[in-house]
Protein chains: 2
Amino acid sequence: MSAPEKLAALREIMQTRGVDCVYVPSDDFHQSEYVGDYFKSRAYISGFTGSAGTLVIFADEAYLFTDGRYYLQAERQLEGSGIALMRSGSEGVPSVTELLRSKLKDGMTLAFDGRCVSASFAESLSRELHGVTFVTDVDFPGLIWNDRPPLPSGEIWALDIKYCGRSHAEKLAELREKLSGYDCGALVLSSLCDIAWLYNLRGSDVENTPVFMSYSIITAERDMLFANKNALSKVAEQLERDGVSLYDYDEFYPELKKLSGINVLLEKSAVSSSIVNSLKDCKITDAANPTKLMKAKKNPTELENLRLCHVADGLAVTRLMIELKFGEREFDELSCDEYLWQLRREAAEQVGVTLLGKSFDTIAAFGPNAAMMHYSAKPDSFARLDKAAPIPMLLVDSGGQYLEGTTDITRTFVLGKIPDEVKMHYTLTACGMLHLLNLIFMEGATGSSLDIVCREPLWERGIDYRCGTGHGVGYLLSVHEGPNRFHWRSGDAKLEEGMVTTDEPGVYIDGSHGIRIENELVAAKGLYNEYGQFLRFENLTFCPIDRDGIDTKYMDKSDIDKLNAYHKSVYDTLNQYLCENEREKLAYLTEKIS
Amino acid sequence: MSAPEKLAALREIMQTRGVDCVYVPSDDFHQSEYVGDYFKSRAYISGFTGSAGTLVIFADEAYLFTDGRYYLQAERQLEGSGIALMRSGSEGVPSVTELLRSKLKDGMTLAFDGRCVSASFAESLSRELHGVTFVTDVDFPGLIWNDRPPLPSGEIWALDIKYCGRSHAEKLAELREKLSGYDCGALVLSSLCDIAWLYNLRGSDVENTPVFMSYSIITAERDMLFANKNALSKVAEQLERDGVSLYDYDEFYPELKKLSGINVLLEKSAVSSSIVNSLKDCKITDAANPTKLMKAKKNPTELENLRLCHVADGLAVTRLMIELKFGEREFDELSCDEYLWQLRREAAEQVGVTLLGKSFDTIAAFGPNAAMMHYSAKPDSFARLDKAAPIPMLLVDSGGQYLEGTTDITRTFVLGKIPDEVKMHYTLTACGMLHLLNLIFMEGATGSSLDIVCREPLWERGIDYRCGTGHGVGYLLSVHEGPNRFHWRSGDAKLEEGMVTTDEPGVYIDGSHGIRIENELVAAKGLYNEYGQFLRFENLTFCPIDRDGIDTKYMDKSDIDKLNAYHKSVYDTLNQYLCENEREKLAYLTEKIS
């Protein structure tokens, strides 16, 4: 069926059931960032495949909301669909809620699948749309989706203590202590990453993120894990020995409804509206999952492992850089990605770490493609690398899932002559990244108070990047993890020892070029004195910053010192793994500038 | 009476009335930062005269809480009083509430004057002390204070439109619009600065802040001002012509109680507990006074005036600098302050602005005295300036109340040879101040996200200053005004066009030296492009930064450029007012460095 045919089919059902609007978000039952194919209803109906988007279908109109990362892609993919594109964040564009408020009169009916909408959003909708009737127990897209993929149920496996560093029992004990601090009798977890972390289990139900479909309920006495029983078969015995009560995934809601008359801790933005609606007899304490902060602060074992897999990552990207800049091969965006993954597998083996797969789909973007922050080359649409192009730069953003952790690294390579203005962009981006990496700050500082050190040189010249400066990174979990992030508008979590955050400023000029340089940083304790505790960052990412993009006329001496010191650390870290020829090239790439 | 005698007298009354504890804060009826003598009950009873302190009196014990600025002074002044000093902020020292919680058992009685305690604090007390009975309608200190000064009632005068820029009618219309936006039928104002601003009136009831004792109630129909009728005599006619209903100060509570059954907007942290208690029949919407933001965004007339009075200010401090560094006079901290005020009066006349008085008590602090952020020289305790002292630096922080606005400026002068480390402190402070002054940032940025540009060079070396980087400044009102401020921990108000904020990083080394360099900045619109609206700062303060404190080895080239550009602007602004000899000196003081 085409998009218009799908819309027509849906509208017929809407009419039969007396529904005026169907709201189709991008979420799964767990408010995950990435979702299994089963949950891609919005993409199925609209044809827009970006990771973020909300589809709103009325009797005569339909709207797709997406953000700046996806404007271009959505324009292309929605062509002929009859769905209007709403560019969220652009001037004059209403929010989804505002649109709903303007279209839905009192007495009209809005439908969404309550399992796919967070409790906090559903609550805000019901506040804003008083007078509107809600239908939340029907999965409308599912009614027309015949060849829908099944719910994922990949095998679940245990992550050895030498990788995760802390046993489930230890984590559980700390969690129960926190629970009693909240005066709560139960904790409900629906976030797949939190559950995988808590039980030291991993799965394969979401592409690039080794989690598995699950829920968990923790009380002072019980430790209940809900997941596909078949998928659990290899780990069930050990879990039961550890005191975990195992339930099938489908048993979650019935068991949840048995919680009654107690105070339940949950995070309304991280659980579905259906979960909160199932707890009608309970008092609810809405607070961040205590697991979130525990998981974000990597333990010493995790950090030791992370350092190692980042060496493999840096080695692979450095070798790609050497080949791109000095080699004879011809590349396009796709073959470049393939080659990088061959290098990553080899580097993992050489360093002695275990690479399981990608942590996200590689962005290998040449020339103007790099201006799209989340560009993805496709077999039917990709660019060839061309050193004679007007702005011959290649942005490569990639990351791996290793038993030793999750990685994320971006470098932008200069493959020929670039204009002076582009050098300015490149240099300012590099300086910003290095500035944040070298920052020393006091305990209590948030990501929003540090962000400006990256952004300032760009703001000074009237340039901004429409995203955060960096995000938290999981350990063999999602490459995007909270609560830590760098963002001047919304990075309000305090940075704490052990948190891993990316540092990735950039410049994106539509239709021309894109630059991003990304390292990962661990917050670590520094000096303690009469002023209190100072923190610093430990750098995890070792790969040269392309000197061909650098023009020292845009740098202060302290910037130059930082670049030279960083390059020395890159050489010192990687040279032992390189052959003579590569080592020479690395020496050149990391040569001191002045 | 001595302090022990006063305590004994109070305790007798407490026993008669069945009160177990009397809580005596430092506030007036308006939660003002500075208060009239009538309200200094805590100082009257305890003998401790610092600006911040809370006295708690039990049958057998009494405690005075104050913060780090006043530890030494309080120790001295409490000697022999029988009152224990509680050093707030020191490790292991409970908060006032924690102390009350530990001493007051269920069924016991706590008394405070509900007019002198903010509604928000009273609410938090009643939450924390459930089981305790509250008596809030008796002014216990007043019962024993025989020679109490009268309630202040200085003459109230009108601020001409050429100074305030907007008529009361215009402000009122905007305010009523905001009121309807909140769906509220009335606004209750108790903050003296907000009221003075709204009615374009000024008074003299609080030292250094030209406000007057007053309340205001605004509804859609009525515009009620409560103030001493005698004090109002010269402006009453005009106010009544403008539609303002005038009431005596004492009529406020009776009129307040007549509000019934409506939704009242007020700011619980800025009105007294008695006010909220008088509105039992009303729904209360607790939100920042809308006047706060309106007042903070200075209008074009105010800005034009401010520019002018800052020239007078800068001229005076520059002449002081010239005399201190090149003149023959001998100074001590007190005579330095006197001389500065003579210069300020002369400069005001020369520039053509009207100086009314100080905006706060001058801090003129030599050597180690400058390490105390709120040091104040006294006739019985002050230092002489001595160029041969180990660290011969003088910090001068002063400000004026002009018809053309309120000013605040700090310079630290180097009067002889200073150690290299002190030069480092001086240079980093100057660089931080100039860095913030030159910052370009996007609309939406808060003071907490910008603060780090000042603090970073210090943090890098393990140094911090235990205060904000800057505070908002009123217009012929309080020198400390919200909501704008620079503070990495708590500057969460967005910076908006027209807001005036100080920029005053510093280094304070106990027992050794203190450095502070303070300019005032106005947020102004900059570039508007595809990224949105950029803002920049306009500098208001023109006075050299002492080059004798600067060592370029701690500066980047961009720092040097900023200092040179700033010094050029100082010379260009001030030179027209100077005689030949002064001009030569200014040229030297603002000479380019490299």
# chains A, B, ... in the order shown; residues from 1 in each chain; ligands from 1
call {"tool": "select_by_dssp", "arguments": {"residues": "region 249-436 of chain B", "states": "alpha helix (DSSP H)", "output": "ChimeraX atom specification"}}
result
/B:252-258,273-277,290-296,300-326,333-351,420-436
call {"tool": "write_last_selection", "arguments": {"atoms": "C-alpha atoms", "output": "PDB file, in the first residue's frame"}}
result
ATOM      1  CA  PHE B 252      -3.254  47.774  54.084  1.00  0.00           C
ATOM      2  CA  TYR B 253      -4.220  44.727  56.119  1.00  0.00           C
ATOM      3  CA  PRO B 254      -7.875  45.742  56.566  1.00  0.00           C
ATOM      4  CA  GLU B 255      -8.177  46.377  52.809  1.00  0.00           C
ATOM      5  CA  LEU B 256      -6.302  43.181  51.993  1.00  0.00           C
ATOM      6  CA  LYS B 257      -8.790  41.155  54.008  1.00  0.00           C
ATOM      7  CA  LYS B 258     -11.593  42.537  51.864  1.00  0.00           C
ATOM      8  CA  SER B 273       3.346  35.192  56.003  1.00  0.00           C
ATOM      9  CA  SER B 274       0.776  37.639  57.443  1.00  0.00           C
ATOM     10  CA  ILE B 275      -0.217  38.717  53.944  1.00  0.00           C
ATOM     11  CA  VAL B 276      -0.936  35.163  52.826  1.00  0.00           C
ATOM     12  CA  ASN B 277      -2.739  34.459  56.090  1.00  0.00           C
ATOM     13  CA  PRO B 290       5.467  40.473  36.971  1.00  0.00           C
ATOM     14  CA  THR B 291       6.990  43.824  37.964  1.00  0.00           C
ATOM     15  CA  LYS B 292      10.301  42.074  38.627  1.00  0.00           C
ATOM     16  CA  LEU B 293      11.057  41.281  34.993  1.00  0.00           C
ATOM     17  CA  MET B 294       9.561  44.545  33.704  1.00  0.00           C
ATOM     18  CA  LYS B 295      11.738  46.523  36.106  1.00  0.00           C
ATOM     19  CA  ALA B 296      14.858  44.501  35.265  1.00  0.00           C
ATOM     20  CA  PRO B 300      15.752  53.262  26.414  1.00  0.00           C
ATOM     21  CA  THR B 301      15.404  56.400  28.563  1.00  0.00           C
ATOM     22  CA  GLU B 302      16.774  54.631  31.598  1.00  0.00           C
ATOM     23  CA  LEU B 303      19.659  53.230  29.540  1.00  0.00           C
ATOM     24  CA  GLU B 304      20.474  56.662  28.106  1.00  0.00           C
ATOM     25  CA  ASN B 305      20.604  58.063  31.637  1.00  0.00           C
ATOM     26  CA  LEU B 306      22.598  55.145  32.963  1.00  0.00           C
ATOM     27  CA  ARG B 307      25.281  55.644  30.323  1.00  0.00           C
ATOM     28  CA  LEU B 308      25.708  59.187  31.538  1.00  0.00           C
ATOM     29  CA  CYS B 309      25.916  58.578  35.266  1.00  0.00           C
ATOM     30  CA  HIS B 310      28.362  55.749  34.660  1.00  0.00           C
ATOM     31  CA  VAL B 311      30.642  58.232  32.927  1.00  0.00           C
ATOM     32  CA  ALA B 312      30.583  60.334  36.099  1.00  0.00           C
ATOM     33  CA  ASP B 313      31.273  57.234  38.157  1.00  0.00           C
ATOM     34  CA  GLY B 314      34.147  56.127  35.966  1.00  0.00           C
ATOM     35  CA  LEU B 315      35.597  59.620  35.942  1.00  0.00           C
ATOM     36  CA  ALA B 316      35.582  59.785  39.751  1.00  0.00           C
ATOM     37  CA  VAL B 317      37.226  56.400  40.207  1.00  0.00           C
ATOM     38  CA  THR B 318      39.775  57.177  37.487  1.00  0.00           C
ATOM     39  CA  ARG B 319      40.726  60.395  39.267  1.00  0.00           C
ATOM     40  CA  LEU B 320      41.051  58.484  42.515  1.00  0.00           C
ATOM     41  CA  MET B 321      43.320  56.040  40.705  1.00  0.00           C
ATOM     42  CA  ILE B 322      45.466  58.869  39.366  1.00  0.00           C
ATOM     43  CA  GLU B 323      45.810  60.399  42.812  1.00  0.00           C
ATOM     44  CA  LEU B 324      46.560  57.062  44.458  1.00  0.00           C
ATOM     45  CA  LYS B 325      49.184  56.060  41.938  1.00  0.00           C
ATOM     46  CA  PHE B 326      50.811  59.392  41.063  1.00  0.00           C
ATOM     47  CA  GLU B 333      40.740  53.516  53.937  1.00  0.00           C
ATOM     48  CA  LEU B 334      38.356  56.099  55.391  1.00  0.00           C
ATOM     49  CA  SER B 335      39.883  59.201  53.832  1.00  0.00           C
ATOM     50  CA  CYS B 336      40.093  57.389  50.540  1.00  0.00           C
ATOM     51  CA  ASP B 337      36.331  56.860  50.675  1.00  0.00           C
ATOM     52  CA  GLU B 338      35.756  60.534  51.555  1.00  0.00           C
ATOM     53  CA  TYR B 339      38.005  61.692  48.744  1.00  0.00           C
ATOM     54  CA  LEU B 340      36.256  59.415  46.267  1.00  0.00           C
ATOM     55  CA  TRP B 341      32.898  60.937  47.193  1.00  0.00           C
ATOM     56  CA  GLN B 342      34.215  64.430  46.717  1.00  0.00           C
ATOM     57  CA  LEU B 343      35.416  63.317  43.273  1.00  0.00           C
ATOM     58  CA  ARG B 344      32.058  61.724  42.522  1.00  0.00           C
ATOM     59  CA  ARG B 345      30.175  64.908  43.386  1.00  0.00           C
ATOM     60  CA  GLU B 346      32.519  66.929  41.176  1.00  0.00           C
ATOM     61  CA  ALA B 347      32.309  64.447  38.317  1.00  0.00           C
ATOM     62  CA  ALA B 348      28.509  64.390  38.509  1.00  0.00           C
ATOM     63  CA  GLU B 349      28.428  68.134  38.175  1.00  0.00           C
ATOM     64  CA  GLN B 350      30.911  68.085  35.333  1.00  0.00           C
ATOM     65  CA  VAL B 351      29.021  65.430  33.388  1.00  0.00           C
ATOM     66  CA  ASP B 420      54.237  37.181  40.942  1.00  0.00           C
ATOM     67  CA  GLU B 421      51.435  34.949  42.248  1.00  0.00           C
ATOM     68  CA  VAL B 422      49.334  37.997  43.076  1.00  0.00           C
ATOM     69  CA  LYS B 423      49.920  39.304  39.566  1.00  0.00           C
ATOM     70  CA  MET B 424      48.623  35.996  38.295  1.00  0.00           C
ATOM     71  CA  HIS B 425      45.477  36.414  40.412  1.00  0.00           C
ATOM     72  CA  TYR B 426      45.075  39.974  39.203  1.00  0.00           C
ATOM     73  CA  THR B 427      45.583  39.088  35.546  1.00  0.00           C
ATOM     74  CA  LEU B 428      43.180  36.149  35.623  1.00  0.00           C
ATOM     75  CA  THR B 429      40.524  38.278  37.325  1.00  0.00           C
ATOM     76  CA  ALA B 430      40.890  41.008  34.713  1.00  0.00           C
ATOM     77  CA  CYS B 431      40.801  38.491  31.847  1.00  0.00           C
ATOM     78  CA  GLY B 432      37.660  36.879  33.236  1.00  0.00           C
ATOM     79  CA  MET B 433      35.889  40.231  33.601  1.00  0.00           C
ATOM     80  CA  LEU B 434      36.816  41.230  30.041  1.00  0.00           C
ATOM     81  CA  HIS B 435      35.914  37.817  28.675  1.00  0.00           C
ATOM     82  CA  LEU B 436      32.352  38.073  29.962  1.00  0.00           C
TER      83      LEU B 436
END
call {"tool": "closest_atom_pairs", "arguments": {"of": "region 83-192 of chain B", "to": "region 27-33 of chain B", "cutoff": "12 Å", "atoms": "only C-alpha atoms", "output": "CSV"}}
result
residue,atom,partner,partner_atom,distance
B:Phe112,CA,B:Asp27,CA,11.5
B:Asp113,CA,B:Phe29,CA,9.3
B:Gly114,CA,B:Phe29,CA,8.7
B:Arg115,CA,B:Phe29,CA,5.0
B:Cys116,CA,B:Phe29,CA,4.9
B:Val117,CA,B:Asp27,CA,6.9
B:Ser118,CA,B:Gln31,CA,6.6
B:Ala119,CA,B:Gln31,CA,10.0
B:Ser120,CA,B:Gln31,CA,11.2
B:Phe121,CA,B:Gln31,CA,11.1
B:Asp139,CA,B:Phe29,CA,11.7
B:Leu151,CA,B:Asp28,CA,10.4
B:Pro152,CA,B:Asp28,CA,11.2
B:Val188,CA,B:His30,CA,11.7
B:Leu189,CA,B:His30,CA,9.1
B:Ser190,CA,B:His30,CA,5.4
B:Ser191,CA,B:His30,CA,5.4
B:Leu192,CA,B:His30,CA,6.6
call {"tool": "interface_residues", "arguments": {"of": "chain B", "to": "chain A", "cutoff": "8 Å", "atoms": "only C-alpha atoms", "output": "PyMOL selection string"}}
result
chain B and resi 439-442+444-445+448-453+456+459-460+462-464+466+488-489+527+529+531+534+556-558
call {"tool": "residues_around", "arguments": {"residues": "Asp242 (chain A)", "least_positions_apart": "2", "cutoff": "10 Å", "atoms": "only C-alpha atoms", "output": "ChimeraX atom specification"}}
result
/A:167-169,223,236-240,244-245
call {"tool": "write_last_selection", "arguments": {"atoms": "C-alpha atoms", "output": "mmCIF file, in the first residue's frame"}}
result
data_model
loop_
_atom_site.group_PDB
_atom_site.id
_atom_site.type_symbol
_atom_site.label_atom_id
_atom_site.label_comp_id
_atom_site.auth_asym_id
_atom_site.auth_seq_id
_atom_site.Cartn_x
_atom_site.Cartn_y
_atom_site.Cartn_z
ATOM 1 C CA SER A 167 27.115 -8.096 40.575
ATOM 2 C CA HIS A 168 23.332 -7.900 40.291
ATOM 3 C CA ALA A 169 23.134 -8.495 44.049
ATOM 4 C CA ASP A 223 12.990 -8.986 42.512
ATOM 5 C CA ALA A 236 17.298 -18.482 33.801
ATOM 6 C CA GLU A 237 18.996 -20.929 36.131
ATOM 7 C CA GLN A 238 21.627 -18.452 37.275
ATOM 8 C CA LEU A 239 19.066 -15.688 37.715
ATOM 9 C CA GLU A 240 16.831 -17.896 39.838
ATOM 10 C CA VAL A 244 15.298 -13.251 40.688
ATOM 11 C CA SER A 245 11.671 -14.238 40.055
#
call {"tool": "select_by_dssp", "arguments": {"residues": "region 303-464 of chain B", "states": "strand (DSSP E)", "output": "short mmCIF file (atom, residue, chain, number, x, y, z; two decimals) with N, CA, C and O atoms, in the first residue's frame"}}
result
data_model
loop_
_atom_site.label_atom_id
_atom_site.label_comp_id
_atom_site.auth_asym_id
_atom_site.auth_seq_id
_atom_site.Cartn_x
_atom_site.Cartn_y
_atom_site.Cartn_z
N LEU B 355 23.70 63.55 41.52
CA LEU B 355 24.06 62.52 42.50
C LEU B 355 23.28 62.73 43.77
O LEU B 355 23.31 63.82 44.35
N LEU B 356 22.57 61.67 44.23
CA LEU B 356 21.77 61.81 45.45
C LEU B 356 22.46 61.20 46.67
O LEU B 356 22.20 61.61 47.79
N GLY B 357 23.30 60.19 46.45
CA GLY B 357 23.94 59.55 47.60
C GLY B 357 24.60 58.25 47.19
O GLY B 357 24.80 58.00 46.00
N LYS B 358 24.94 57.46 48.20
CA LYS B 358 25.59 56.18 47.94
C LYS B 358 24.54 55.10 47.61
O LYS B 358 23.40 55.18 48.10
N ILE B 363 33.26 49.93 50.10
CA ILE B 363 34.30 49.03 50.63
C ILE B 363 35.63 49.55 50.12
O ILE B 363 35.90 49.51 48.92
N ALA B 364 36.41 50.14 51.01
CA ALA B 364 37.78 50.54 50.66
C ALA B 364 38.65 49.69 51.56
O ALA B 364 38.66 49.87 52.77
N ALA B 365 39.33 48.72 50.97
CA ALA B 365 39.99 47.69 51.78
C ALA B 365 41.42 47.53 51.31
O ALA B 365 41.67 47.21 50.15
N PHE B 366 42.35 47.75 52.23
CA PHE B 366 43.76 47.68 51.89
C PHE B 366 44.35 46.35 52.35
O PHE B 366 44.03 45.85 53.43
N MET B 393 47.94 46.55 47.85
CA MET B 393 46.82 46.73 46.92
C MET B 393 45.63 47.28 47.69
O MET B 393 45.38 46.91 48.83
N LEU B 394 44.86 48.13 47.00
CA LEU B 394 43.66 48.70 47.59
C LEU B 394 42.46 48.34 46.71
O LEU B 394 42.45 48.61 45.51
N LEU B 395 41.47 47.71 47.35
CA LEU B 395 40.24 47.39 46.63
C LEU B 395 39.20 48.46 46.99
O LEU B 395 38.96 48.72 48.17
N VAL B 396 38.60 49.08 45.98
CA VAL B 396 37.56 50.09 46.24
C VAL B 396 36.30 49.72 45.46
O VAL B 396 36.28 49.70 44.23
N ASP B 397 35.26 49.40 46.22
CA ASP B 397 33.97 49.00 45.65
C ASP B 397 32.97 50.06 46.10
O ASP B 397 32.75 50.23 47.29
N SER B 398 32.40 50.79 45.16
CA SER B 398 31.51 51.90 45.54
C SER B 398 30.44 52.09 44.48
O SER B 398 30.55 51.57 43.38
N GLY B 400 26.89 54.89 43.33
CA GLY B 400 26.09 56.06 43.61
C GLY B 400 24.62 55.86 43.25
O GLY B 400 24.27 55.03 42.41
N GLN B 401 23.77 56.64 43.91
CA GLN B 401 22.38 56.77 43.50
C GLN B 401 22.26 58.11 42.80
O GLN B 401 22.46 59.16 43.43
N TYR B 402 22.01 58.10 41.52
CA TYR B 402 21.82 59.30 40.73
C TYR B 402 20.37 59.34 40.26
O TYR B 402 19.73 58.29 40.15
N GLY B 405 20.23 56.93 37.64
CA GLY B 405 20.37 55.49 37.84
C GLY B 405 21.28 55.14 39.00
O GLY B 405 21.82 56.01 39.69
N THR B 406 21.44 53.84 39.21
CA THR B 406 22.24 53.31 40.31
C THR B 406 23.52 52.72 39.73
O THR B 406 23.47 52.06 38.69
N ILE B 409 30.74 49.93 41.02
CA ILE B 409 32.02 49.75 40.33
C ILE B 409 33.10 49.35 41.32
O ILE B 409 33.13 49.87 42.44
N THR B 410 33.93 48.40 40.95
CA THR B 410 35.07 48.03 41.79
C THR B 410 36.34 48.06 40.96
O THR B 410 36.37 47.55 39.83
N ARG B 411 37.37 48.66 41.51
CA ARG B 411 38.71 48.53 40.95
C ARG B 411 39.65 48.18 42.08
O ARG B 411 39.43 48.59 43.24
N THR B 412 40.67 47.43 41.76
CA THR B 412 41.72 47.11 42.72
C THR B 412 43.00 47.75 42.21
O THR B 412 43.39 47.52 41.06
N PHE B 413 43.59 48.59 43.04
CA PHE B 413 44.76 49.36 42.62
C PHE B 413 46.04 48.77 43.21
O PHE B 413 46.07 48.39 44.38
N VAL B 414 47.06 48.76 42.37
CA VAL B 414 48.36 48.24 42.80
C VAL B 414 49.23 49.43 43.14
O VAL B 414 49.54 50.24 42.27
N ILE B 440 29.48 36.99 23.23
CA ILE B 440 28.29 37.01 22.37
C ILE B 440 27.58 35.69 22.61
O ILE B 440 28.22 34.64 22.67
N PHE B 441 26.28 35.75 22.79
CA PHE B 441 25.55 34.54 23.18
C PHE B 441 24.16 34.56 22.59
O PHE B 441 23.69 35.59 22.10
N MET B 442 23.51 33.42 22.62
CA MET B 442 22.19 33.34 22.01
C MET B 442 21.11 33.67 23.02
O MET B 442 21.22 33.39 24.21
#
call {"tool": "closest_residue", "arguments": {"among": "A:Pro25, A:Asp492, A:Cys454, A:Phe39", "to": "Tyr63 (chain A)", "atoms": "only C-alpha atoms"}}
result
A:Pro25
call {"tool": "closest_residue", "arguments": {"among": "B:Gln15, B:Thr552, B:Asn564, B:Ser81", "to": "Glu591 (chain B)", "atoms": "only C-alpha atoms"}}
result
B:Asn564
call {"tool": "residues_around", "arguments": {"residues": "Leu172 (chain B)", "least_positions_apart": "2", "cutoff": "12 Å", "atoms": "only C-alpha atoms", "output": "ChimeraX atom specification"}}
result
/B:166-170,174-179,187,195,197-200,216-224,242-244,290-291,294
call {"tool": "atom_distance", "arguments": {"atom1": "CA of Tyr23 (chain A)", "atom2": "CA of Val56 (chain A)"}}
result
4.7 Å
call {"tool": "closest_residue", "arguments": {"among": "A:Gly107, A:Glu330, A:Ser102, A:Val35", "to": "Asp205 (chain A)", "atoms": "only C-alpha atoms"}}
result
A:Val35
call {"tool": "residues_around", "arguments": {"residues": "region 369-372 of chain A", "least_positions_apart": "4", "cutoff": "9 Å", "atoms": "only C-alpha atoms", "output": "JSON, numbers by chain"}}
result
{"A": [68, 69, 70, 72, 363, 364, 365, 376, 377, 382, 383, 393, 394, 395, 396, 507, 508, 509, 510, 511, 512, 513, 514, 515, 516]}
call {"tool": "write_last_selection", "arguments": {"atoms": "C-alpha atoms", "output": "PDB file, in the first residue's frame"}}
result
ATOM      1  CA  GLY A  68      15.997  20.018  12.229  1.00  0.00           C
ATOM      2  CA  ARG A  69      18.084  16.888  11.772  1.00  0.00           C
ATOM      3  CA  TYR A  70      15.449  15.455   9.475  1.00  0.00           C
ATOM      4  CA  LEU A  72      15.483  17.434   4.272  1.00  0.00           C
ATOM      5  CA  ILE A 363      27.417   8.496   9.279  1.00  0.00           C
ATOM      6  CA  ALA A 364      29.938   8.749   6.437  1.00  0.00           C
ATOM      7  CA  ALA A 365      29.030  11.998   4.740  1.00  0.00           C
ATOM      8  CA  SER A 376      22.928   8.122   6.222  1.00  0.00           C
ATOM      9  CA  ALA A 377      24.235   6.958   2.857  1.00  0.00           C
ATOM     10  CA  PHE A 382      25.457   7.969  -1.792  1.00  0.00           C
ATOM     11  CA  ALA A 383      28.352  10.181  -2.762  1.00  0.00           C
ATOM     12  CA  MET A 393      35.685  16.943   3.367  1.00  0.00           C
ATOM     13  CA  LEU A 394      34.421  13.658   4.748  1.00  0.00           C
ATOM     14  CA  LEU A 395      32.675  13.431   8.105  1.00  0.00           C
ATOM     15  CA  VAL A 396      32.740   9.964   9.679  1.00  0.00           C
ATOM     16  CA  VAL A 507      29.445  23.556  12.146  1.00  0.00           C
ATOM     17  CA  TYR A 508      26.709  22.657   9.659  1.00  0.00           C
ATOM     18  CA  ILE A 509      26.211  24.853   6.630  1.00  0.00           C
ATOM     19  CA  ASP A 510      23.214  23.725   4.567  1.00  0.00           C
ATOM     20  CA  GLY A 511      24.119  22.629   1.071  1.00  0.00           C
ATOM     21  CA  SER A 512      27.797  23.265   1.618  1.00  0.00           C
ATOM     22  CA  HIS A 513      29.628  21.330   4.317  1.00  0.00           C
ATOM     23  CA  GLY A 514      29.509  19.892   7.789  1.00  0.00           C
ATOM     24  CA  ILE A 515      32.182  19.541  10.428  1.00  0.00           C
ATOM     25  CA  ARG A 516      32.024  17.571  13.659  1.00  0.00           C
TER      26      ARG A 516
END
call {"tool": "residues_around", "arguments": {"residues": "region 537-542 of chain B", "least_positions_apart": "4", "cutoff": "6 Å", "atoms": "only C-alpha atoms", "output": "short mmCIF file (atom, residue, chain, number, x, y, z; two decimals) with N, CA, C and O atoms, in the first residue's frame"}}
result
data_model
loop_
_atom_site.label_atom_id
_atom_site.label_comp_id
_atom_site.auth_asym_id
_atom_site.auth_seq_id
_atom_site.Cartn_x
_atom_site.Cartn_y
_atom_site.Cartn_z
N ARG B 307 23.99 55.44 31.01
CA ARG B 307 25.28 55.64 30.32
C ARG B 307 25.98 56.89 30.86
O ARG B 307 27.18 56.90 31.10
N HIS B 310 27.19 56.62 34.58
CA HIS B 310 28.36 55.75 34.66
C HIS B 310 29.62 56.48 34.21
O HIS B 310 30.71 56.15 34.66
N GLY B 314 32.84 56.55 36.46
CA GLY B 314 34.15 56.13 35.97
C GLY B 314 35.18 57.24 36.09
O GLY B 314 36.33 56.99 36.44
N ASN B 519 32.72 45.68 36.42
CA ASN B 519 32.03 46.57 35.48
C ASN B 519 30.55 46.25 35.52
O ASN B 519 30.14 45.21 36.02
N GLU B 520 29.74 47.14 34.94
CA GLU B 520 28.33 46.81 34.73
C GLU B 520 28.08 46.64 33.24
O GLU B 520 28.63 47.38 32.42
N LEU B 521 27.23 45.67 32.90
CA LEU B 521 26.95 45.33 31.51
C LEU B 521 25.44 45.41 31.24
O LEU B 521 24.64 45.01 32.07
N VAL B 522 25.09 45.88 30.07
CA VAL B 522 23.69 45.83 29.63
C VAL B 522 23.58 44.79 28.53
O VAL B 522 24.35 44.83 27.56
N ALA B 523 22.62 43.89 28.65
CA ALA B 523 22.38 42.94 27.56
C ALA B 523 21.70 43.68 26.40
O ALA B 523 20.77 44.46 26.62
N ALA B 524 22.19 43.44 25.19
CA ALA B 524 21.67 44.16 24.02
C ALA B 524 21.56 43.20 22.85
O ALA B 524 22.25 42.19 22.79
N VAL B 570 37.95 53.31 27.27
CA VAL B 570 38.02 54.13 28.48
C VAL B 570 38.61 55.50 28.14
O VAL B 570 38.05 56.54 28.50
#
